[in-house]
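File shown: final31.txt. Contents: compact mmCIF, C-alpha atoms.
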# COMPACT_ATOMS: atom_id res chain seq x y z
CA MET A 1 0.00 0.00 0.00
CA THR A 2 1.37 3.40 -0.96
CA ALA A 3 1.86 6.15 1.61
CA PRO A 4 -1.56 7.57 2.52
CA PRO A 5 -2.54 11.18 1.92
CA ASP A 6 -2.46 12.74 5.38
CA ILE A 7 -5.89 14.01 6.41
CA ARG A 8 -4.13 16.63 8.53
CA ALA A 9 -3.10 18.46 5.34
CA HIS A 10 -6.73 19.36 4.56
CA ARG A 11 -7.90 22.77 5.79
CA LEU A 12 -11.58 22.14 5.00
CA LEU A 13 -13.76 19.03 4.67
CA TYR A 14 -17.20 18.45 3.23
CA GLY A 15 -19.55 16.71 5.66
CA CYS A 16 -21.90 14.28 3.91
CA MET A 17 -24.44 13.81 6.71
CA GLY A 18 -27.13 15.69 4.76
CA LEU A 19 -26.91 13.45 1.70
CA GLY A 20 -29.09 10.41 1.01
CA GLY A 21 -32.67 11.46 1.70
CA GLY A 22 -34.47 11.16 5.02
CA TRP A 23 -33.40 9.85 8.41
CA ASP A 24 -35.25 6.60 7.82
CA THR A 25 -34.79 3.20 6.24
CA LEU A 26 -36.70 4.05 3.06
CA PRO A 27 -34.61 3.56 -0.11
CA TYR A 28 -32.83 6.58 -1.51
CA THR A 29 -33.98 7.87 -4.88
CA ALA A 30 -32.39 8.98 -8.14
CA GLU A 31 -33.16 12.53 -7.02
CA ASP A 32 -31.15 11.93 -3.82
CA VAL A 33 -28.22 10.73 -5.93
CA GLY A 34 -28.53 13.84 -8.11
CA ARG A 35 -28.40 16.09 -5.04
CA ALA A 36 -25.33 14.26 -3.82
CA GLU A 37 -23.63 14.69 -7.19
CA ALA A 38 -24.40 18.42 -7.15
CA ALA A 39 -23.01 18.78 -3.61
CA VAL A 40 -19.83 16.86 -4.43
CA GLU A 41 -19.31 18.87 -7.62
CA ALA A 42 -19.74 22.12 -5.66
CA ALA A 43 -17.25 20.96 -3.04
CA LEU A 44 -14.68 20.02 -5.67
CA ALA A 45 -15.22 23.37 -7.42
CA ALA A 46 -14.50 25.10 -4.10
CA GLY A 47 -11.26 23.12 -3.75
CA ILE A 48 -12.52 20.67 -1.11
CA THR A 49 -11.25 17.13 -1.68
CA ALA A 50 -11.84 15.50 1.74
CA PHE A 51 -15.28 14.03 2.45
CA ASP A 52 -16.54 13.13 5.91
CA HIS A 53 -19.03 10.30 6.54
CA ALA A 54 -20.36 8.05 9.29
CA ASP A 55 -21.99 4.67 9.01
CA ILE A 56 -25.18 5.94 10.70
CA TYR A 57 -25.77 9.03 8.56
CA ARG A 58 -29.25 8.67 7.04
CA PHE A 59 -29.15 5.02 8.17
CA GLY A 60 -26.23 4.35 5.81
CA LYS A 61 -27.75 6.12 2.83
CA SER A 62 -25.26 9.00 2.95
CA GLU A 63 -22.42 6.57 2.29
CA ALA A 64 -24.47 4.71 -0.32
CA VAL A 65 -25.30 7.76 -2.45
CA PHE A 66 -21.67 8.87 -2.23
CA GLY A 67 -20.73 5.42 -3.49
CA GLU A 68 -23.06 6.04 -6.44
CA VAL A 69 -21.29 9.33 -7.12
CA LEU A 70 -17.91 7.58 -7.11
CA ALA A 71 -19.23 4.87 -9.44
CA HIS A 72 -20.56 7.48 -11.88
CA SER A 73 -17.25 9.40 -11.97
CA PRO A 74 -14.29 7.24 -13.05
CA GLY A 75 -11.07 8.46 -11.46
CA LEU A 76 -12.82 10.47 -8.74
CA ARG A 77 -11.85 8.07 -5.94
CA GLU A 78 -8.17 8.71 -6.65
CA ARG A 79 -8.75 12.48 -6.32
CA VAL A 80 -10.51 12.51 -2.96
CA VAL A 81 -9.96 11.50 0.65
CA VAL A 82 -12.79 9.54 2.25
CA GLN A 83 -13.24 9.60 6.01
CA THR A 84 -15.92 7.69 7.90
CA LYS A 85 -16.89 6.88 11.49
CA CYS A 86 -18.28 3.94 13.41
CA GLY A 87 -19.32 3.20 16.97
CA ILE A 88 -22.90 4.47 17.28
CA ARG A 89 -25.74 1.96 17.01
CA LEU A 90 -29.10 3.56 16.31
CA PRO A 91 -32.26 2.34 18.09
CA GLU A 92 -33.91 -0.60 16.32
CA GLY A 93 -37.13 -2.24 17.47
CA GLU A 94 -36.85 -2.77 21.22
CA ARG A 95 -33.08 -2.25 21.16
CA VAL A 96 -31.99 1.08 22.61
CA GLY A 97 -29.46 3.27 20.89
CA HIS A 98 -26.01 2.62 22.26
CA TYR A 99 -22.28 2.77 21.55
CA ASP A 100 -20.28 -0.26 20.46
CA LEU A 101 -16.51 -0.21 20.08
CA ARG A 102 -15.95 -3.94 20.42
CA ALA A 103 -13.31 -5.20 17.97
CA ALA A 104 -15.63 -7.37 15.89
CA SER A 105 -18.17 -4.56 15.63
CA ILE A 106 -15.56 -2.03 14.46
CA VAL A 107 -14.29 -4.38 11.74
CA ARG A 108 -17.81 -5.31 10.62
CA ARG A 109 -18.98 -1.69 10.42
CA VAL A 110 -15.96 -0.75 8.32
CA GLU A 111 -16.64 -3.63 5.94
CA GLU A 112 -20.27 -2.50 5.60
CA SER A 113 -19.16 1.09 4.96
CA LEU A 114 -16.77 -0.05 2.24
CA THR A 115 -19.60 -1.89 0.50
CA ARG A 116 -21.84 1.18 0.59
CA LEU A 117 -19.04 3.52 -0.49
CA ARG A 118 -17.99 1.16 -3.31
CA THR A 119 -14.35 1.47 -2.43
CA ASP A 120 -11.64 -0.95 -1.31
CA PHE A 121 -10.47 1.21 1.60
CA VAL A 122 -11.22 4.36 3.54
CA ASP A 123 -8.47 6.87 4.07
CA VAL A 124 -9.50 7.67 7.65
CA LEU A 125 -11.61 5.89 10.28
CA LEU A 126 -12.85 7.78 13.35
CA LEU A 127 -14.43 6.25 16.45
CA HIS A 128 -17.67 8.25 16.55
CA ARG A 129 -18.21 8.55 20.31
CA PRO A 130 -16.63 7.10 23.46
CA ASP A 131 -18.00 3.71 24.54
CA PRO A 132 -17.75 3.39 28.36
CA LEU A 133 -17.57 -0.41 27.97
CA ALA A 134 -14.80 -0.33 25.38
CA ASP A 135 -11.61 -2.28 26.00
CA PRO A 136 -8.76 -0.25 24.46
CA ASP A 137 -6.84 -3.44 23.74
CA GLU A 138 -9.80 -4.65 21.64
CA ILE A 139 -9.77 -1.36 19.77
CA ALA A 140 -6.04 -1.78 19.17
CA GLY A 141 -6.68 -5.25 17.79
CA ALA A 142 -9.37 -3.98 15.43
CA PHE A 143 -7.11 -1.20 14.18
CA SER A 144 -4.33 -3.71 13.57
CA VAL A 145 -6.61 -5.94 11.51
CA LEU A 146 -8.00 -3.05 9.45
CA ARG A 147 -4.56 -1.62 8.79
CA SER A 148 -2.91 -4.94 7.92
CA GLN A 149 -5.71 -5.78 5.48
CA GLY A 150 -5.39 -2.38 3.81
CA LEU A 151 -8.97 -1.40 4.67
CA VAL A 152 -8.08 1.78 6.63
CA ARG A 153 -5.07 4.04 6.22
CA GLN A 154 -5.34 6.50 9.14
CA PHE A 155 -7.22 6.48 12.43
CA GLY A 156 -8.75 9.02 14.77
CA VAL A 157 -11.61 9.76 17.11
CA SER A 158 -14.61 12.02 17.41
CA ASN A 159 -16.23 13.75 20.39
CA MET A 160 -13.43 12.78 22.78
CA SER A 161 -11.66 14.87 25.40
CA GLY A 162 -7.90 15.27 25.61
CA PRO A 163 -7.55 12.68 28.43
CA GLN A 164 -9.67 10.18 26.49
CA VAL A 165 -7.51 10.63 23.39
CA ALA A 166 -4.33 10.24 25.44
CA PHE A 167 -5.66 7.11 27.21
CA LEU A 168 -6.55 5.44 23.92
CA GLN A 169 -3.33 6.47 22.19
CA ALA A 170 -1.33 4.79 24.97
CA ARG A 171 -2.89 1.44 24.05
CA VAL A 172 -3.01 1.51 20.25
CA ASP A 173 0.08 1.25 18.06
CA VAL A 174 -1.08 3.54 15.25
CA PRO A 175 -1.17 7.34 15.51
CA LEU A 176 -4.53 8.94 16.26
CA VAL A 177 -4.44 11.82 13.79
CA VAL A 178 -7.88 13.45 14.22
CA ASP A 179 -10.31 14.44 16.95
CA GLN A 180 -13.56 15.76 15.47
CA VAL A 181 -15.65 17.81 17.90
CA GLU A 182 -18.34 20.45 17.63
CA MET A 183 -16.71 23.86 17.24
CA SER A 184 -18.15 27.09 15.86
CA LEU A 185 -18.75 30.72 16.71
CA ALA A 186 -22.01 29.52 18.29
CA HIS A 187 -20.56 26.45 20.05
CA ARG A 188 -17.58 27.95 21.85
CA ASP A 189 -16.98 25.65 24.86
CA TRP A 190 -13.66 24.55 23.41
CA VAL A 191 -12.28 28.11 23.60
CA GLU A 192 -14.31 29.31 26.59
CA ALA A 193 -12.88 26.51 28.76
CA GLY A 194 -9.42 27.99 28.43
CA VAL A 195 -10.29 31.50 29.61
CA LEU A 196 -13.00 30.72 32.17
CA PHE A 197 -10.67 28.66 34.33
CA ASN A 198 -10.68 30.03 37.87
CA THR A 199 -13.95 31.90 37.33
CA PRO A 200 -17.48 30.97 38.48
CA ALA A 201 -18.53 30.55 34.84
CA ALA A 202 -16.13 27.61 34.35
CA ALA A 203 -18.79 25.13 35.46
CA GLY A 204 -20.90 26.05 32.44
CA THR A 205 -18.48 24.76 29.81
CA GLY A 206 -18.85 21.30 28.37
CA CYS A 207 -15.30 20.90 27.11
CA PRO A 208 -12.62 19.81 29.59
CA PRO A 209 -9.77 22.34 29.74
CA GLY A 210 -6.67 21.09 27.98
CA THR A 211 -8.35 19.17 25.16
CA VAL A 212 -7.20 21.64 22.51
CA GLU A 213 -3.73 21.83 24.00
CA HIS A 214 -3.37 18.05 24.16
CA CYS A 215 -4.38 17.62 20.53
CA VAL A 216 -1.93 20.26 19.36
CA SER A 217 0.97 18.82 21.36
CA ALA A 218 0.19 15.25 20.23
CA GLY A 219 -0.15 16.10 16.53
CA VAL A 220 -3.89 15.36 16.52
CA ARG A 221 -5.74 17.53 14.00
CA LEU A 222 -8.90 19.09 15.41
CA GLN A 223 -11.80 18.93 12.99
CA ALA A 224 -14.84 21.09 13.69
CA TRP A 225 -18.27 19.64 12.99
CA GLY A 226 -21.16 22.10 12.96
CA ALA A 227 -18.66 24.73 11.80
CA LEU A 228 -21.26 26.97 10.13
CA ALA A 229 -23.49 26.88 13.23
CA ARG A 230 -26.44 25.54 11.20
CA GLY A 231 -26.86 28.83 9.35
CA ARG A 232 -26.76 31.05 12.42
CA PHE A 233 -24.96 34.37 11.80
CA THR A 234 -25.20 33.97 7.99
CA GLU A 235 -28.94 33.90 7.21
CA GLY A 236 -29.81 37.59 7.62
CA ASP A 237 -29.10 37.39 11.35
CA ASP A 238 -29.86 40.81 12.88
CA THR A 239 -27.85 40.28 16.06
CA PRO A 240 -24.58 42.07 16.90
CA ALA A 241 -22.62 38.96 15.89
CA GLY A 242 -24.61 38.47 12.68
CA ARG A 243 -24.17 42.10 11.69
CA LEU A 244 -20.45 41.93 12.41
CA VAL A 245 -20.05 38.78 10.31
CA ALA A 246 -21.85 40.46 7.40
CA ASP A 247 -19.79 43.64 7.78
CA LEU A 248 -16.48 41.76 7.84
CA ALA A 249 -17.53 39.79 4.77
CA ARG A 250 -18.28 43.01 2.88
CA ARG A 251 -15.05 44.70 3.92
CA LYS A 252 -12.91 41.70 3.02
CA GLY A 253 -14.66 40.86 -0.24
CA THR A 254 -15.74 37.39 0.84
CA THR A 255 -18.83 35.60 2.17
CA PRO A 256 -20.28 35.37 5.69
CA GLN A 257 -19.68 31.60 5.56
CA THR A 258 -15.98 32.18 4.96
CA VAL A 259 -15.77 34.62 7.87
CA LEU A 260 -17.17 31.95 10.21
CA LEU A 261 -14.69 29.39 8.91
CA TRP A 262 -11.82 31.85 9.16
CA TRP A 263 -12.72 32.40 12.82
CA LEU A 264 -12.02 28.71 13.47
CA GLN A 265 -9.00 28.52 11.18
CA ARG A 266 -7.41 31.63 12.75
CA HIS A 267 -6.88 29.71 15.99
CA PRO A 268 -3.27 28.44 16.25
CA ALA A 269 -4.53 24.87 16.80
CA GLY A 270 -4.98 24.62 13.02
CA ILE A 271 -8.66 23.66 13.19
CA ALA A 272 -10.11 22.07 10.03
CA PRO A 273 -13.82 22.91 9.71
CA VAL A 274 -16.32 20.41 8.31
CA VAL A 275 -18.92 22.08 6.07
CA GLY A 276 -22.23 20.23 6.09
CA THR A 277 -24.65 22.29 4.02
CA THR A 278 -26.20 20.48 1.06
CA ARG A 279 -26.91 23.63 -0.96
CA PRO A 280 -24.31 24.01 -3.74
CA GLU A 281 -24.27 27.81 -3.56
CA ARG A 282 -23.45 27.70 0.16
CA ILE A 283 -20.75 25.10 -0.40
CA ARG A 284 -19.16 27.30 -3.06
CA ALA A 285 -19.42 30.25 -0.64
CA CYS A 286 -16.77 28.52 1.48
CA ALA A 287 -14.10 28.51 -1.24
CA ASP A 288 -12.03 31.33 0.28
CA ALA A 289 -11.48 29.17 3.38
CA VAL A 290 -9.71 26.45 1.39
CA SER A 291 -6.64 28.56 0.61
CA GLY A 292 -3.86 29.10 3.14
CA GLU A 293 -4.73 32.73 3.92
CA THR A 294 -7.03 33.56 6.84
CA ARG A 295 -7.72 37.28 6.64
CA LEU A 296 -8.91 38.03 10.16
CA SER A 297 -6.78 40.20 12.41
CA HIS A 298 -6.16 39.47 16.08
CA GLU A 299 -8.62 42.19 17.05
CA GLU A 300 -11.30 41.10 14.55
CA TRP A 301 -11.15 37.54 15.89
CA TYR A 302 -11.81 38.84 19.40
CA GLU A 303 -14.56 41.18 18.19
CA LEU A 304 -16.42 38.19 16.73
CA TRP A 305 -15.94 36.16 19.90
CA VAL A 306 -17.19 38.91 22.20
CA ALA A 307 -20.13 39.72 19.93
CA ALA A 308 -21.19 36.06 19.91
CA ARG A 309 -20.74 35.77 23.69
CA GLY A 310 -22.91 38.80 24.31
CA THR A 311 -20.81 39.66 27.38
CA PRO A 312 -17.24 40.92 27.84
CA LEU A 313 -14.41 38.52 28.52
CA PRO A 314 -13.51 37.96 32.19

Is it possible to give me this structure as structure tokens?
Amino acid sequence: MTAPPDIRAHRLLYGCMGLGGGWDTLPYTAEDVGRAEAAVEAALAAGITAFDHADIYRFGKSEAVFGEVLAHSPGLRERVVVQTKCGIRLPEGERVGHYDLRAASIVRRVEESLTRLRTDFVDVLLLHRPDPLADPDEIAGAFSVLRSQGLVRQFGVSNMSGPQVAFLQARVDVPLVVDQVEMSLAHRDWVEAGVLFNTPAAAGTGCPPGTVEHCVSAGVRLQAWGALARGRFTEGDDTPAGRLVADLARRKGTTPQTVLLWWLQRHPAGIAPVVGTTRPERIRACADAVSGETRLSHEEWYELWVAARGTPLP
């Protein structure tokens, strides 16, 4: 197997959770495939070549319609990086939703994803959420099998704290290269945790202090899901933060979406946002965030943060 393209080199990813029709087990349609093709084409036109999936998205249909796109476009698989996740089991019948990071389950879910994606391997596999019953040695065994069989090239996690990443990394013999967590101008716990330490407000943050710092020091790339805050601040938002986003976009000759992505990318942790909109025009609006230049000053970054907080910094 040739050396894998490193997912950490990608500044922006396209999140495929919205592709594939409804959140149900009904079959996807030709129209769903057409929407997926339009979204992928828009992402490629914007310079995005990394695509983020999970086995549960649309009950597997997100991966399946992407597999259709790959099948319809000879040579496309060689031009893109495909990342997927496993570990969440959706409710089914009387079975409750739960997490499952047992070795056999990890391997089986990857094999099912490969079938839906119509590819021989995925470039990156993330463990979707922590499983309190997981045995890290079992996870290590699953990773070893997947890597030795050429089914997965790089590994990472999602929705894990710095201590959880460090604990798992101590037991697996492959580098964990990604931690994907929710990060945006609206969801700011990851940055608030660092400045609210030793203040009464610290109890209100959901991100353990030190997660960002651990990932940076360990070479783990932080990916930000929900990066565009589900349209908040960009859809004619008449709040101080929304007006500031629009004003900065006008002054810098870019789009409000790019300003939100720049706010994440400006952080020295090197955060890689995941863009999840399915509308081609909004995907293309993110193109300025693919290049290496993030045109927000130190002061402008803080202005956005304070405007979104609604209160001054401590």

Quick one: residues within 10 Å of Gly15 (chain A), only C-alpha atoms counted, chain neighbours fewer than 3 positions away excluded, as a PyMOL selection string? chain A and resi 12+18-19+43+50-54+62+83-84+225-226+273-278

With all atoms listed in the file as the basis for distance, which of A:Ala140, A:Gly21, A:Ala42, A:Thr258 is at the shortest distance from Glu281 (chain A)?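 Of A:Ala140, A:Gly21, A:Ala42, A:Thr258, the one nearest Glu281 (chain A), counting all atoms listed in the file, is A:Ala42.
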
Using all atoms listed in the file, which of A:Arg11, A:His128, A:Arg58, A:Lys252 sits nearest Gly87 (chain A)? A:His128

Excluding Gln154 (chain A) and residues on its chain fewer than 6 positions from it, collect all residues at most 7 Å away from it, counting all atoms listed in the file, and give them as a count of residues only. 3

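The smallest atom-to-atom distance between Ile56 (chain A) and any of A:Arg153, A:Arg243, A:Arg232, A:Arg109, using all atoms listed in the file, is found for A:Arg109.
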
Expected file content for region 140-156 of chain A, N, CA, C and O atoms, as an mmCIF file, in the first residue's frame:
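The result, written out as out.cif:
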data_model
loop_
_atom_site.group_PDB
_atom_site.id
_atom_site.type_symbol
_atom_site.label_atom_id
_atom_site.label_comp_id
_atom_site.auth_asym_id
_atom_site.auth_seq_id
_atom_site.Cartn_x
_atom_site.Cartn_y
_atom_site.Cartn_z
ATOM 1 N N ALA A 140 -7.359 -1.634 19.793
ATOM 2 C CA ALA A 140 -6.036 -1.781 19.173
ATOM 3 C C ALA A 140 -6.016 -2.967 18.228
ATOM 4 O O ALA A 140 -5.451 -2.900 17.129
ATOM 5 N N GLY A 141 -6.641 -4.069 18.652
ATOM 6 C CA GLY A 141 -6.680 -5.248 17.790
ATOM 7 C C GLY A 141 -7.454 -5.000 16.508
ATOM 8 O O GLY A 141 -7.037 -5.437 15.423
ATOM 9 N N ALA A 142 -8.582 -4.289 16.622
ATOM 10 C CA ALA A 142 -9.370 -3.978 15.430
ATOM 11 C C ALA A 142 -8.588 -3.084 14.478
ATOM 12 O O ALA A 142 -8.576 -3.313 13.256
ATOM 13 N N PHE A 143 -7.922 -2.081 15.021
ATOM 14 C CA PHE A 143 -7.115 -1.195 14.183
ATOM 15 C C PHE A 143 -6.021 -1.985 13.465
ATOM 16 O O PHE A 143 -5.730 -1.745 12.286
ATOM 17 N N SER A 144 -5.397 -2.912 14.173
ATOM 18 C CA SER A 144 -4.329 -3.706 13.572
ATOM 19 C C SER A 144 -4.849 -4.525 12.399
ATOM 20 O O SER A 144 -4.212 -4.596 11.334
ATOM 21 N N VAL A 145 -6.009 -5.148 12.575
ATOM 22 C CA VAL A 145 -6.611 -5.944 11.505
ATOM 23 C C VAL A 145 -6.934 -5.063 10.303
ATOM 24 O O VAL A 145 -6.614 -5.393 9.148
ATOM 25 N N LEU A 146 -7.575 -3.934 10.550
ATOM 26 C CA LEU A 146 -7.998 -3.054 9.455
ATOM 27 C C LEU A 146 -6.798 -2.497 8.696
ATOM 28 O O LEU A 146 -6.835 -2.369 7.472
ATOM 29 N N ARG A 147 -5.756 -2.175 9.440
ATOM 30 C CA ARG A 147 -4.559 -1.620 8.791
ATOM 31 C C ARG A 147 -3.818 -2.696 8.009
ATOM 32 O O ARG A 147 -3.391 -2.479 6.870
ATOM 33 N N SER A 148 -3.660 -3.880 8.590
ATOM 34 C CA SER A 148 -2.907 -4.936 7.921
ATOM 35 C C SER A 148 -3.615 -5.425 6.666
ATOM 36 O O SER A 148 -2.972 -5.851 5.700
ATOM 37 N N GLN A 149 -4.938 -5.361 6.655
ATOM 38 C CA GLN A 149 -5.706 -5.779 5.485
ATOM 39 C C GLN A 149 -5.868 -4.663 4.457
ATOM 40 O O GLN A 149 -6.468 -4.876 3.405
ATOM 41 N N GLY A 150 -5.313 -3.496 4.754
ATOM 42 C CA GLY A 150 -5.390 -2.384 3.810
ATOM 43 C C GLY A 150 -6.762 -1.753 3.709
ATOM 44 O O GLY A 150 -7.052 -1.053 2.729
ATOM 45 N N LEU A 151 -7.603 -1.929 4.723
ATOM 46 C CA LEU A 151 -8.967 -1.396 4.674
ATOM 47 C C LEU A 151 -9.050 0.035 5.199
ATOM 48 O O LEU A 151 -9.969 0.774 4.846
ATOM 49 N N VAL A 152 -8.107 0.423 6.050
ATOM 50 C CA VAL A 152 -8.079 1.776 6.630
ATOM 51 C C VAL A 152 -6.634 2.250 6.644
ATOM 52 O O VAL A 152 -5.723 1.486 7.008
ATOM 53 N N ARG A 153 -6.439 3.512 6.298
ATOM 54 C CA ARG A 153 -5.074 4.041 6.221
ATOM 55 C C ARG A 153 -4.690 4.886 7.432
ATOM 56 O O ARG A 153 -3.548 4.850 7.882
ATOM 57 N N GLN A 154 -5.615 5.690 7.951
ATOM 58 C CA GLN A 154 -5.340 6.502 9.137
ATOM 59 C C GLN A 154 -6.509 6.376 10.105
ATOM 60 O O GLN A 154 -7.640 6.059 9.701
ATOM 61 N N PHE A 155 -6.222 6.671 11.389
ATOM 62 C CA PHE A 155 -7.223 6.476 12.430
ATOM 63 C C PHE A 155 -7.346 7.733 13.292
ATOM 64 O O PHE A 155 -6.399 8.503 13.436
ATOM 65 N N GLY A 156 -8.521 7.901 13.868
ATOM 66 C CA GLY A 156 -8.749 9.019 14.770
ATOM 67 C C GLY A 156 -9.991 8.780 15.597
ATOM 68 O O GLY A 156 -10.525 7.671 15.651
#
